[in-house]
file my_file.cif (mmCIF, C-alpha atoms)
data_start
#
loop_
_atom_site.label_atom_id
_atom_site.label_comp_id
_atom_site.auth_asym_id
_atom_site.auth_seq_id
_atom_site.Cartn_x
_atom_site.Cartn_y
_atom_site.Cartn_z
CA MET G 11 -10.29 -25.32 -1.05
CA SER G 12 -12.67 -22.52 -0.13
CA GLU G 13 -12.29 -19.24 -1.96
CA ASN G 14 -13.30 -17.31 1.13
CA THR G 15 -10.60 -18.52 3.47
CA ALA G 16 -7.94 -16.32 1.93
CA THR G 17 -9.83 -13.09 2.35
CA MET G 18 -11.32 -13.69 5.79
CA GLY G 19 -9.55 -12.64 8.97
CA LYS G 20 -6.81 -10.68 7.23
CA PRO G 21 -6.15 -7.10 8.43
CA ILE G 22 -6.90 -4.44 5.82
CA PHE G 23 -3.99 -2.24 6.92
CA SER G 24 -1.25 -4.82 6.48
CA LEU G 25 2.24 -3.64 5.45
CA PHE G 26 1.69 -4.90 1.89
CA ASN G 27 -1.64 -3.10 1.56
CA ILE G 28 -0.29 0.19 2.94
CA VAL G 29 2.78 0.22 0.67
CA ALA G 30 0.84 -0.97 -2.41
CA GLY G 31 -1.96 1.52 -1.65
CA ALA G 32 0.51 4.41 -1.39
CA ILE G 33 2.15 3.45 -4.71
CA LEU G 34 -1.21 3.09 -6.45
CA LEU G 35 -2.28 6.50 -5.11
CA MET G 36 0.94 8.06 -6.37
CA GLY G 37 0.43 6.30 -9.72
CA GLY G 38 -3.08 7.68 -9.98
CA ILE G 39 -1.84 11.24 -9.44
CA LEU G 40 1.01 10.78 -11.96
CA THR G 41 -1.48 9.33 -14.46
CA ILE G 42 -3.66 12.44 -14.18
CA LEU G 43 -0.55 14.62 -14.62
CA ARG G 44 0.60 12.64 -17.67
CA PHE G 45 -2.74 12.78 -19.47
CA THR G 46 -3.56 16.40 -18.60
CA GLN G 47 -0.12 18.07 -18.81
CA GLY G 48 1.51 15.96 -21.54
CA LEU G 49 4.80 14.09 -21.86
CA ASP G 50 6.98 17.12 -21.17
CA ALA G 51 5.60 17.54 -17.65
CA VAL G 52 6.42 14.03 -16.47
CA THR G 53 9.25 12.72 -18.67
CA ASN G 54 12.76 13.56 -19.87
CA LEU G 55 11.94 12.34 -23.38
CA SER G 56 13.13 14.44 -26.30
CA ASP G 57 13.44 14.27 -30.08
CA TYR G 58 16.84 12.60 -29.60
CA ASN G 59 15.44 10.16 -27.05
CA PRO G 60 11.81 9.41 -27.91
CA TRP G 61 11.90 6.00 -26.22
CA GLY G 62 12.54 6.04 -22.48
CA ILE G 63 11.95 3.51 -19.72
CA TRP G 64 8.26 3.18 -20.58
CA ILE G 65 9.42 1.42 -23.75
CA GLY G 66 12.75 0.04 -22.49
CA PHE G 67 11.38 -1.39 -19.24
CA ASP G 68 7.58 -1.53 -19.30
CA LEU G 69 7.32 -2.79 -22.87
CA LEU G 70 10.54 -4.59 -23.84
CA VAL G 71 11.22 -6.12 -20.42
CA GLY G 72 7.50 -6.72 -19.78
CA VAL G 73 7.02 -8.67 -23.00
CA ALA G 74 10.21 -10.70 -22.47
CA LEU G 75 9.36 -11.62 -18.87
CA ALA G 76 5.80 -12.55 -19.89
CA ALA G 77 7.21 -15.23 -22.21
CA GLY G 78 6.81 -17.84 -19.47
CA GLY G 79 3.23 -18.40 -20.65
CA PHE G 80 4.05 -19.71 -24.11
CA VAL G 81 7.22 -21.51 -22.95
CA THR G 82 5.41 -23.45 -20.21
CA SER G 83 2.27 -24.26 -22.21
CA ALA G 84 4.42 -25.41 -25.17
CA ALA G 85 6.48 -27.65 -22.87
CA VAL G 86 3.40 -29.23 -21.30
CA TYR G 87 0.88 -29.44 -24.17
CA ILE G 88 3.06 -29.64 -27.31
CA PHE G 89 6.10 -31.50 -25.97
CA GLY G 90 4.04 -33.58 -23.53
CA MET G 91 6.04 -32.77 -20.38
CA LYS G 92 3.05 -33.30 -18.10
CA ARG G 93 5.19 -33.24 -14.97
CA TYR G 94 5.28 -29.44 -15.27
CA HIS G 95 1.49 -29.12 -15.54
CA ALA G 96 1.17 -27.35 -12.20
CA ALA G 97 3.30 -24.49 -13.55
CA VAL G 98 1.00 -23.77 -16.51
CA ARG G 99 -1.75 -21.69 -14.90
CA PRO G 100 0.55 -19.43 -12.86
CA ALA G 101 2.72 -18.93 -15.97
CA ILE G 102 -0.31 -18.15 -18.16
CA LEU G 103 -1.58 -15.72 -15.52
CA THR G 104 1.82 -14.00 -15.28
CA GLY G 105 1.93 -13.79 -19.08
CA PHE G 106 -1.60 -12.43 -19.34
CA LEU G 107 -1.02 -9.77 -16.69
CA GLY G 108 2.37 -8.96 -18.21
CA TYR G 109 0.89 -8.33 -21.65
CA ALA G 110 -2.14 -6.48 -20.29
CA LEU G 111 0.19 -4.15 -18.37
CA VAL G 112 2.39 -3.72 -21.45
CA VAL G 113 -0.65 -2.42 -23.33
CA LEU G 114 -1.53 -0.18 -20.36
CA ALA G 115 2.03 1.16 -20.20
CA LEU G 116 2.01 1.83 -23.93
CA HIS G 117 -0.85 4.27 -23.41
CA TYR G 118 1.38 6.42 -21.20
CA ASP G 119 4.04 6.58 -23.89
CA VAL G 120 1.83 6.95 -26.95
CA GLY G 121 -1.08 8.88 -25.45
CA ARG G 122 -4.56 9.21 -26.96
CA PRO G 123 -5.87 5.79 -25.84
CA TRP G 124 -8.82 5.98 -28.20
CA ARG G 125 -6.36 5.52 -31.06
CA LEU G 126 -5.31 2.05 -29.87
CA PRO G 127 -7.00 0.27 -32.84
CA TYR G 128 -5.25 2.58 -35.35
CA PRO G 129 -2.60 0.01 -36.40
CA PHE G 130 -5.41 -2.12 -37.79
CA ILE G 131 -7.11 0.75 -39.63
CA MET G 132 -4.48 3.32 -40.62
CA GLN G 133 -1.17 1.48 -40.80
CA ARG G 134 1.89 1.76 -42.99
CA GLY G 135 1.44 -1.58 -44.72
CA THR G 136 1.90 -5.14 -43.60
CA THR G 137 5.70 -4.89 -43.84
CA SER G 138 5.71 -2.42 -40.91
CA LEU G 139 7.32 -3.98 -37.84
CA LEU G 140 5.24 -1.83 -35.51
CA PHE G 141 2.09 -3.11 -37.23
CA GLU G 142 3.32 -6.68 -36.81
CA VAL G 143 4.11 -6.10 -33.12
CA ALA G 144 0.75 -4.41 -32.54
CA ALA G 145 -1.14 -7.20 -34.31
CA CYS G 146 0.71 -9.99 -32.50
CA VAL G 147 0.45 -8.37 -29.07
CA ALA G 148 -3.28 -7.75 -29.55
CA LEU G 149 -3.87 -11.32 -30.75
CA TYR G 150 -1.62 -12.91 -28.14
CA LEU G 151 -3.24 -10.93 -25.33
CA THR G 152 -6.57 -12.33 -26.53
CA VAL G 153 -5.09 -15.85 -26.68
CA LEU G 154 -3.74 -15.51 -23.12
CA PHE G 155 -7.10 -14.24 -21.92
CA VAL G 156 -8.87 -17.28 -23.41
CA GLU G 157 -6.11 -19.64 -22.15
CA PHE G 158 -6.52 -18.31 -18.62
CA SER G 159 -10.33 -18.14 -18.74
CA PRO G 160 -10.91 -21.78 -17.54
CA ALA G 161 -9.61 -20.74 -14.10
CA ALA G 162 -12.02 -17.80 -13.96
CA LEU G 163 -14.89 -19.91 -15.33
CA GLU G 164 -14.24 -22.63 -12.73
CA TRP G 165 -14.27 -19.93 -10.02
CA LEU G 166 -17.56 -18.55 -11.36
CA GLY G 167 -19.05 -22.04 -11.76
CA PHE G 168 -19.63 -21.84 -15.54
CA LYS G 169 -18.94 -25.50 -16.17
CA ARG G 170 -20.20 -25.73 -19.75
CA ALA G 171 -18.25 -22.68 -20.99
CA ARG G 172 -15.14 -23.91 -19.17
CA ASN G 173 -15.32 -27.32 -20.87
CA ILE G 174 -15.62 -25.70 -24.31
CA VAL G 175 -12.54 -23.51 -23.71
CA VAL G 176 -10.52 -26.43 -22.36
CA LYS G 177 -11.05 -28.27 -25.67
CA LEU G 178 -9.25 -25.38 -27.41
CA THR G 179 -6.09 -25.77 -25.30
CA MET G 180 -3.84 -27.27 -28.00
CA LEU G 181 -5.01 -24.77 -30.63
CA LEU G 182 -4.42 -21.84 -28.28
CA THR G 183 -0.98 -23.15 -27.32
CA ILE G 184 0.08 -23.37 -30.97
CA PHE G 185 -1.29 -19.85 -31.59
CA GLY G 186 0.65 -18.64 -28.57
CA VAL G 187 3.95 -20.11 -29.78
CA VAL G 188 3.50 -18.72 -33.31
CA LEU G 189 2.49 -15.24 -32.16
CA SER G 190 5.25 -15.07 -29.54
CA THR G 191 7.91 -16.14 -32.03
CA LEU G 192 6.75 -13.39 -34.36
CA HIS G 193 6.51 -10.43 -32.02
CA GLN G 194 9.35 -11.25 -29.61
CA SER G 195 11.75 -11.24 -32.54
CA SER G 196 10.11 -8.19 -34.13
CA LEU G 197 10.77 -6.13 -31.00
CA GLY G 198 14.47 -6.73 -31.63
CA ALA G 199 14.03 -6.06 -35.34
CA LEU G 200 12.72 -2.58 -34.48
CA PHE G 201 16.31 -1.56 -33.74
CA LEU G 202 17.55 -2.70 -37.15
CA ILE G 203 16.34 0.63 -38.49
CA ALA G 204 18.93 2.48 -36.39
CA PRO G 205 22.37 1.03 -37.19
CA SER G 206 24.03 4.42 -36.70
CA LYS G 207 22.38 5.06 -33.33
CA LEU G 208 22.94 1.71 -31.60
CA HIS G 209 26.48 0.89 -30.45
CA PRO G 210 28.12 -1.59 -32.87
CA LEU G 211 28.57 -4.19 -30.12
CA TRP G 212 24.82 -4.34 -29.58
CA TYR G 213 23.78 -3.67 -33.15
CA THR G 214 23.77 -6.79 -35.29
CA PRO G 215 21.48 -8.22 -37.97
CA TYR G 216 20.90 -11.06 -35.47
CA LEU G 217 18.98 -8.77 -33.08
CA PRO G 218 15.59 -10.43 -33.83
CA ILE G 219 17.10 -13.86 -33.05
CA TYR G 220 18.70 -12.53 -29.87
CA PHE G 221 15.39 -11.07 -28.70
CA PHE G 222 13.54 -14.32 -29.31
CA VAL G 223 16.17 -16.51 -27.62
CA THR G 224 16.41 -14.17 -24.63
CA ALA G 225 12.61 -14.22 -24.39
CA VAL G 226 12.77 -18.02 -24.01
CA ILE G 227 15.48 -17.64 -21.34
CA ALA G 228 13.41 -14.94 -19.61
CA GLY G 229 10.29 -17.13 -19.75
CA LEU G 230 12.04 -20.14 -18.23
CA SER G 231 13.73 -18.06 -15.53
CA MET G 232 10.60 -16.09 -14.75
CA VAL G 233 8.59 -19.30 -14.18
CA ILE G 234 11.22 -20.43 -11.65
CA PHE G 235 11.31 -16.96 -10.06
CA GLU G 236 7.53 -16.67 -9.90
CA SER G 237 7.20 -20.23 -8.57
CA THR G 238 9.70 -19.37 -5.81
CA LEU G 239 7.68 -16.34 -4.75
CA SER G 240 4.40 -18.28 -4.96
CA HIS G 241 5.75 -21.08 -2.76
CA ARG G 242 6.94 -18.50 -0.26
CA PHE G 243 3.82 -16.35 -0.07
CA PHE G 244 0.94 -18.55 -1.31
CA SER G 245 1.91 -22.07 -0.21
CA HIS G 246 -1.25 -22.16 1.93
CA LYS G 247 -3.27 -21.92 -1.30
CA MET G 248 -1.50 -24.86 -2.98
CA ASP G 249 -2.75 -28.41 -3.21
CA ALA G 250 -0.55 -31.51 -2.88
CA ALA G 251 0.23 -31.67 -6.62
CA HIS G 252 1.55 -28.10 -6.65
CA LEU G 253 3.52 -28.55 -3.45
CA ALA G 254 5.05 -31.75 -4.84
CA GLU G 255 6.28 -29.89 -7.92
CA LYS G 256 8.21 -27.43 -5.78
CA ASP G 257 11.56 -28.90 -6.93
CA THR G 258 10.52 -30.49 -10.24
CA VAL G 259 9.89 -27.17 -12.02
CA PRO G 260 13.19 -25.45 -11.00
CA LEU G 261 15.25 -28.54 -11.89
CA GLY G 262 13.60 -29.05 -15.29
CA PHE G 263 13.33 -25.41 -16.30
CA GLY G 264 16.80 -24.66 -14.90
CA LYS G 265 18.28 -27.35 -17.13
CA ALA G 266 16.52 -25.94 -20.19
CA ALA G 267 17.54 -22.37 -19.30
CA SER G 268 21.17 -23.45 -18.83
CA PHE G 269 21.36 -25.00 -22.30
CA VAL G 270 19.56 -22.11 -24.02
CA LEU G 271 21.87 -19.62 -22.25
CA ALA G 272 24.90 -21.58 -23.50
CA GLY G 273 23.53 -21.43 -27.04
CA TYR G 274 22.80 -17.72 -26.64
CA PHE G 275 26.37 -17.13 -25.48
CA ILE G 276 27.65 -18.79 -28.66
CA ILE G 277 25.46 -16.79 -31.04
CA LYS G 278 26.42 -13.56 -29.21
CA VAL G 279 30.11 -14.30 -29.85
CA ILE G 280 29.31 -15.21 -33.47
CA GLY G 281 27.56 -11.81 -33.70
CA ILE G 282 30.77 -10.04 -32.66
CA SER G 283 32.72 -12.10 -35.15
CA THR G 284 30.46 -11.50 -38.16
CA GLY G 285 30.30 -7.77 -37.37
CA ASN G 286 34.07 -7.67 -36.76
CA THR G 287 33.53 -5.53 -33.67
CA TRP G 288 36.23 -7.15 -31.53
CA HIS G 289 38.18 -3.91 -31.13
CA TYR G 290 35.23 -2.25 -29.35
CA LEU G 291 35.64 -4.75 -26.50
CA ALA G 292 38.68 -2.79 -25.33
CA THR G 293 36.59 0.37 -24.79
CA GLY G 294 34.35 1.41 -21.88
CA TYR G 295 31.26 0.21 -23.72
CA GLY G 296 33.12 -3.05 -24.41
CA ALA G 297 33.73 -3.54 -20.69
CA TRP G 298 30.01 -3.10 -20.01
CA TYR G 299 29.22 -5.48 -22.89
CA LEU G 300 31.51 -8.07 -21.33
CA VAL G 301 29.78 -7.61 -17.97
CA GLU G 302 26.49 -8.44 -19.72
CA LEU G 303 27.92 -11.33 -21.74
CA LEU G 304 30.02 -12.97 -19.04
CA GLY G 305 28.15 -11.90 -15.91
CA PHE G 306 24.56 -12.31 -17.10
CA VAL G 307 24.85 -15.00 -19.82
CA ALA G 308 27.89 -17.23 -19.26
CA LEU G 309 27.74 -17.12 -15.44
CA PRO G 310 24.02 -18.06 -15.09
CA ALA G 311 24.46 -20.81 -17.74
CA PHE G 312 27.19 -22.31 -15.58
CA LEU G 313 25.35 -21.76 -12.26
CA TYR G 314 22.15 -23.31 -13.62
CA ALA G 315 24.19 -26.34 -14.78
CA VAL G 316 25.87 -26.71 -11.38
CA GLY G 317 22.47 -26.37 -9.67
CA VAL G 318 20.94 -29.05 -11.91
CA ARG G 319 23.91 -31.42 -11.49
CA ASP G 320 23.92 -31.04 -7.70
CA LYS G 321 20.09 -30.89 -7.42
CA ASN G 322 20.68 -27.57 -5.64
CA VAL G 323 17.26 -25.90 -5.99
CA THR G 324 18.30 -22.87 -3.92
CA LEU G 325 21.15 -22.12 -6.34
CA ILE G 326 18.78 -22.51 -9.31
CA ARG G 327 16.31 -20.06 -7.73
CA TRP G 328 18.97 -17.42 -7.09
CA THR G 329 20.29 -17.95 -10.62
CA ALA G 330 16.77 -17.43 -12.01
CA ALA G 331 16.54 -14.06 -10.22
CA TRP G 332 20.02 -13.15 -11.53
CA THR G 333 19.01 -14.12 -15.08
CA VAL G 334 15.82 -12.04 -14.90
CA LEU G 335 18.00 -9.10 -13.83
CA GLY G 336 20.26 -9.87 -16.81
CA ILE G 337 17.30 -9.68 -19.20
CA VAL G 338 16.34 -6.29 -17.72
CA ILE G 339 19.93 -5.08 -18.21
CA ASN G 340 20.01 -6.41 -21.79
CA ARG G 341 16.87 -4.54 -22.78
CA PHE G 342 18.05 -1.39 -21.00
CA ASN G 343 21.38 -1.60 -22.81
CA ILE G 344 19.79 -1.88 -26.24
CA CYS G 345 17.05 0.68 -25.70
CA LEU G 346 18.82 3.21 -23.48
CA VAL G 347 22.51 2.71 -22.66
CA ALA G 348 23.91 1.76 -26.07
CA PHE G 349 21.31 3.80 -27.95
CA ASN G 350 22.46 7.27 -29.03
CA TRP G 351 25.88 6.31 -27.65
CA HIS G 352 27.63 8.96 -29.75
CA LEU G 353 25.61 11.87 -28.31
CA PRO G 354 27.33 14.24 -25.84
CA ALA G 355 26.58 13.54 -22.19
CA ASP G 356 24.18 16.47 -21.74
CA GLU G 357 22.00 15.15 -24.59
CA ARG G 358 21.78 11.64 -23.15
CA TYR G 359 18.57 10.41 -21.56
CA PHE G 360 18.03 9.72 -17.91
CA PRO G 361 14.47 9.03 -16.76
CA HIS G 362 12.50 11.63 -14.81
CA TRP G 363 11.48 10.41 -11.36
CA MET G 364 7.85 10.50 -12.49
CA GLU G 365 8.65 8.08 -15.34
CA ILE G 366 10.14 5.71 -12.77
CA GLY G 367 7.06 6.33 -10.58
CA ILE G 368 4.72 5.26 -13.39
CA SER G 369 6.78 2.09 -14.01
CA VAL G 370 6.75 1.22 -10.29
CA PHE G 371 2.99 1.90 -10.28
CA ILE G 372 2.43 -0.50 -13.18
CA VAL G 373 4.54 -3.29 -11.63
CA THR G 374 2.71 -2.82 -8.30
CA LEU G 375 -0.63 -2.94 -10.09
CA GLY G 376 0.42 -6.28 -11.62
CA ILE G 377 1.41 -7.71 -8.23
CA VAL G 378 -1.86 -6.57 -6.62
CA ILE G 379 -3.99 -8.08 -9.43
CA TYR G 380 -1.93 -11.33 -9.35
CA ARG G 381 -2.46 -11.54 -5.59
CA PHE G 382 -6.18 -10.85 -5.98
CA ILE G 383 -6.57 -13.61 -8.56
CA VAL G 384 -4.48 -16.38 -6.95
CA THR G 385 -6.19 -15.92 -3.60
CA ARG G 386 -9.57 -16.50 -5.25
CA MET G 387 -9.31 -18.53 -8.45
CA PRO G 388 -7.94 -22.06 -8.87
CA VAL G 389 -4.49 -21.09 -10.11
CA LEU G 390 -2.23 -22.73 -7.54
CA TYR G 391 -4.57 -25.69 -6.96
CA GLU G 392 -6.89 -27.85 -9.05
CA HIS G 393 -10.56 -27.08 -8.55
CA PRO G 394 -12.06 -30.20 -6.89
CA ASP G 395 -15.08 -30.21 -9.25
CA TYR G 396 -13.02 -30.40 -12.46
CA ASP G 397 -10.46 -32.74 -14.02
CA ALA G 398 -7.03 -31.32 -14.84
CA HIS G 399 -6.64 -30.64 -18.56
CA MET B 6 45.02 -6.22 -37.65
CA GLU B 7 45.16 -6.44 -41.44
CA THR B 8 43.63 -3.51 -43.31
CA ILE B 9 40.25 -4.18 -44.89
CA TYR B 10 39.45 -2.27 -48.07
CA THR B 11 36.66 -4.17 -49.79
CA LEU B 12 33.54 -6.11 -48.86
CA GLN B 13 35.25 -9.24 -50.21
CA GLU B 14 38.13 -8.75 -47.74
CA PHE B 15 35.71 -8.03 -44.91
CA MET B 16 33.67 -11.18 -45.59
CA LEU B 17 36.79 -13.30 -45.98
CA HIS B 18 38.24 -11.98 -42.74
CA THR B 19 35.08 -12.32 -40.64
CA LYS B 20 34.08 -15.70 -42.08
CA ASN B 21 37.56 -17.12 -41.45
CA ILE B 22 37.23 -16.30 -37.77
CA THR B 23 33.56 -17.32 -37.58
CA TYR B 24 34.19 -20.80 -39.04
CA VAL B 25 36.94 -21.44 -36.52
CA LEU B 26 34.65 -20.19 -33.74
CA MET B 27 31.84 -22.47 -34.98
CA ILE B 28 34.03 -25.56 -34.67
CA ALA B 29 34.98 -24.49 -31.14
CA ALA B 30 31.30 -23.77 -30.38
CA LEU B 31 30.13 -27.20 -31.59
CA LEU B 32 32.76 -28.93 -29.45
CA GLY B 33 32.03 -26.58 -26.52
CA ILE B 34 28.25 -27.03 -26.56
CA THR B 35 28.68 -30.83 -26.75
CA GLY B 36 30.96 -30.72 -23.73
CA PHE B 37 28.54 -28.42 -21.90
CA TRP B 38 25.63 -30.78 -22.63
CA LEU B 39 27.62 -33.70 -21.21
CA PHE B 40 28.46 -31.59 -18.13
CA LEU B 41 24.79 -30.62 -17.73
CA THR B 42 23.36 -34.13 -18.09
CA GLU B 43 26.18 -36.16 -16.53
CA ARG B 44 24.26 -36.93 -13.33
CA ASP B 45 20.79 -37.31 -14.88
CA ASP B 46 20.52 -41.02 -14.08
CA ASP B 47 21.47 -40.62 -10.40
#
call {"tool": "encode", "arguments": {"input": "my_file.cif", "output": "structure tokens"}}
result
Amino acid sequence: MSENTATMGKPIFSLFNIVAGAILLMGGILTILRFTQGLDAVTNLSDYNPWGIWIGFDLLVGVALAAGGFVTSAAVYIFGMKRYHAAVRPAILTGFLGYALVVLALHYDVGRPWRLPYPFIMQRGTTSLLFEVAACVALYLTVLFVEFSPAALEWLGFKRARNIVVKLTMLLTIFGVVLSTLHQSSLGALFLIAPSKLHPLWYTPYLPIYFFVTAVIAGLSMVIFESTLSHRFFSHKMDAAHLAEKDTVPLGFGKAASFVLAGYFIIKVIGISTGNTWHYLATGYGAWYLVELLGFVALPAFLYAVGVRDKNVTLIRWTAAWTVLGIVINRFNICLVAFNWHLPADERYFPHWMEIGISVFIVTLGIVIYRFIVTRMPVLYEHPDYDAH
Amino acid sequence: METIYTLQEFMLHTKNITYVLMIAALLGITGFWLFLTERDDD
């Protein structure tokens, strides 16, 4: 397939380009404001609420939703499920962009970008969770970059370099699984330091396990969700193998997501039991917890199962979108809603519109870069000059 | 609800419930797996 066909004959001022351009322009202005005027000018963060949506959404949700990369590559290369091979490159690309944008978003929250390598030079010891997260994210971003590089090298025509990288596939996949297991769980473990600030229904010593398991659920659901969007908007870029896997990926990944969600539901209930927090379920926070547990864990587990049994791909796709929304809600609950739950209402955090603007800007940037790459590089099709690996 | 005074009572109380839940969970997840894979060979 020619790389030029996608970019030729398309109007520059399409609806997508105008909307994305306006958001990127707004993001550019907000970025200047953030880095010249400081956090106070663009956020509602305070000493009580030092972590807002840039951490709760951009980082925690971004990392969870980028888990599709390690989940898919592990399924295909470690567990030998070659029938999902077509999903690997889009999932790796989504993961790579997700992590790259997480690092970008972190700059807005932390500031002073030149201090990014500090965790490796001036850190609080190797038992620091933030050090562990920083190390794993930095290493995993590098792994994802190398894992994705064959597509870019094929596009550039660097055959020799591409063949060397392809030989590292298994090693990189194992690295990816190890690093993801470590930092996905550590992001949950960060909240273990604040047992008095996080609502007892959400606070549990099992938080690291919950974060890792939900990352697997998010990864599986995100691959289905992303594959749905790709088939809708980029089907003209797909070869026969990718088009043929249109239903295989949702059915297989939906089945896995259903079973993992069922297991997650069980360990969530066990968490309530071991913490003896049953009585909180009768409160307002308890009602919201039940919405999360029943509406965004039990319900999608059941809907995925029905979709797999009936081979109803449409139901699986809608369930994937619902599950992704559930992951967003879960991270928001832990980082924002149930955090500082005892504070009076006027001390609680609600994001400034400019914080939301920056988050929208970062998501839009990801979509624009994804679109740029898949319309040029062999992501949704196999390059005719190379064998699939 | 019975009053809990000591860690021993807390552990006894929560573990009693958790063990019962675990038996239900093992039976439940087996049933769910059968429900999920029932039509696999179609």
call {"tool": "resolve_selection", "arguments": {"input": "my_file.cif", "expression": "the PyMOL selection byres ((chain G) within 6 of (chain B))", "output": "list in words"}}
result
Ser283, Thr284, Ala315 and Arg319 of chain G
call {"tool": "residues_around", "arguments": {"input": "my_file.cif", "residues": "G:Tyr359", "least_positions_apart": "2", "cutoff": "7 Å", "atoms": "only C-alpha atoms", "output": "PyMOL selection string"}}
result
chain G and resi 54+59+357+361
call {"tool": "resolve_selection", "arguments": {"input": "my_file.cif", "expression": "the PyMOL selection byres ((chain G and resi 387-389) around 7)", "output": "PDB file with C-alpha atoms, in the frame of the given file"}}
result
ATOM      1  CA  ARG G  99      -1.750 -21.690 -14.900  1.00  0.00           C
ATOM      2  CA  PRO G 100       0.550 -19.430 -12.860  1.00  0.00           C
ATOM      3  CA  ALA G 161      -9.610 -20.740 -14.100  1.00  0.00           C
ATOM      4  CA  ALA G 162     -12.020 -17.800 -13.960  1.00  0.00           C
ATOM      5  CA  TRP G 165     -14.270 -19.930 -10.020  1.00  0.00           C
ATOM      6  CA  ILE G 383      -6.570 -13.610  -8.560  1.00  0.00           C
ATOM      7  CA  VAL G 384      -4.480 -16.380  -6.950  1.00  0.00           C
ATOM      8  CA  THR G 385      -6.190 -15.920  -3.600  1.00  0.00           C
ATOM      9  CA  ARG G 386      -9.570 -16.500  -5.250  1.00  0.00           C
ATOM     10  CA  LEU G 390      -2.230 -22.730  -7.540  1.00  0.00           C
ATOM     11  CA  TYR G 391      -4.570 -25.690  -6.960  1.00  0.00           C
ATOM     12  CA  GLU G 392      -6.890 -27.850  -9.050  1.00  0.00           C
ATOM     13  CA  HIS G 393     -10.560 -27.080  -8.550  1.00  0.00           C
TER      14      HIS G 393
END
call {"tool": "closest_residue", "arguments": {"input": "my_file.cif", "among": "G:Ala96, G:Tyr314, G:Ala84, G:Ala77", "to": "G:Tyr109", "atoms": "all atoms listed in the file"}}
result
G:Ala77
call {"tool": "residues_around", "arguments": {"input": "my_file.cif", "residues": "G:Phe275", "least_positions_apart": "2", "cutoff": "9 Å", "atoms": "all atoms listed in the file", "output": "list in words"}}
result
Val270, Leu271, Ala272, Gly273, Ile277, Lys278, Val279, Ile280, Leu303, Leu304, Val307, Ala308 and Ala311 of chain G
call {"tool": "closest_residue", "arguments": {"input": "my_file.cif", "among": "G:Ile28, G:Pro310, G:Val301, G:Thr293", "to": "G:Asn343", "atoms": "all atoms listed in the file"}}
result
G:Val301
call {"tool": "residues_around", "arguments": {"input": "my_file.cif", "residues": "G:Tyr128", "least_positions_apart": "5", "cutoff": "10 Å", "atoms": "only C-alpha atoms", "output": "number ranges by chain"}}
result
G: 133, 141, 144
call {"tool": "resolve_selection", "arguments": {"input": "my_file.cif", "expression": "the PyMOL selection byres ((chain G and resi 86) around 12)", "output": "ChimeraX atom specification"}}
result
/G:79-85,87-99,101,179-180,183-184,259,262-263,399
call {"tool": "write_last_selection", "arguments": {"input": "my_file.cif", "atoms": "C-alpha atoms", "output": "PDB file, keeping the file's coordinate frame"}}
result
ATOM      1  CA  GLY G  79       3.230 -18.400 -20.650  1.00  0.00           C
ATOM      2  CA  PHE G  80       4.050 -19.710 -24.110  1.00  0.00           C
ATOM      3  CA  VAL G  81       7.220 -21.510 -22.950  1.00  0.00           C
ATOM      4  CA  THR G  82       5.410 -23.450 -20.210  1.00  0.00           C
ATOM      5  CA  SER G  83       2.270 -24.260 -22.210  1.00  0.00           C
ATOM      6  CA  ALA G  84       4.420 -25.410 -25.170  1.00  0.00           C
ATOM      7  CA  ALA G  85       6.480 -27.650 -22.870  1.00  0.00           C
ATOM      8  CA  TYR G  87       0.880 -29.440 -24.170  1.00  0.00           C
ATOM      9  CA  ILE G  88       3.060 -29.640 -27.310  1.00  0.00           C
ATOM     10  CA  PHE G  89       6.100 -31.500 -25.970  1.00  0.00           C
ATOM     11  CA  GLY G  90       4.040 -33.580 -23.530  1.00  0.00           C
ATOM     12  CA  MET G  91       6.040 -32.770 -20.380  1.00  0.00           C
ATOM     13  CA  LYS G  92       3.050 -33.300 -18.100  1.00  0.00           C
ATOM     14  CA  ARG G  93       5.190 -33.240 -14.970  1.00  0.00           C
ATOM     15  CA  TYR G  94       5.280 -29.440 -15.270  1.00  0.00           C
ATOM     16  CA  HIS G  95       1.490 -29.120 -15.540  1.00  0.00           C
ATOM     17  CA  ALA G  96       1.170 -27.350 -12.200  1.00  0.00           C
ATOM     18  CA  ALA G  97       3.300 -24.490 -13.550  1.00  0.00           C
ATOM     19  CA  VAL G  98       1.000 -23.770 -16.510  1.00  0.00           C
ATOM     20  CA  ARG G  99      -1.750 -21.690 -14.900  1.00  0.00           C
ATOM     21  CA  ALA G 101       2.720 -18.930 -15.970  1.00  0.00           C
ATOM     22  CA  THR G 179      -6.090 -25.770 -25.300  1.00  0.00           C
ATOM     23  CA  MET G 180      -3.840 -27.270 -28.000  1.00  0.00           C
ATOM     24  CA  THR G 183      -0.980 -23.150 -27.320  1.00  0.00           C
ATOM     25  CA  ILE G 184       0.080 -23.370 -30.970  1.00  0.00           C
ATOM     26  CA  VAL G 259       9.890 -27.170 -12.020  1.00  0.00           C
ATOM     27  CA  GLY G 262      13.600 -29.050 -15.290  1.00  0.00           C
ATOM     28  CA  PHE G 263      13.330 -25.410 -16.300  1.00  0.00           C
ATOM     29  CA  HIS G 399      -6.640 -30.640 -18.560  1.00  0.00           C
TER      30      HIS G 399
END
call {"tool": "closest_residue", "arguments": {"input": "my_file.cif", "among": "G:Val143, G:Asn173, G:Ala74, G:Ile276", "to": "B:Ile28", "atoms": "only C-alpha atoms"}}
result
G:Ile276
call {"tool": "atom_distance", "arguments": {"input": "my_file.cif", "atom1": "atom CA of B:Leu17", "atom2": "atom CA of G:Tyr216"}}
result
19.2 Å
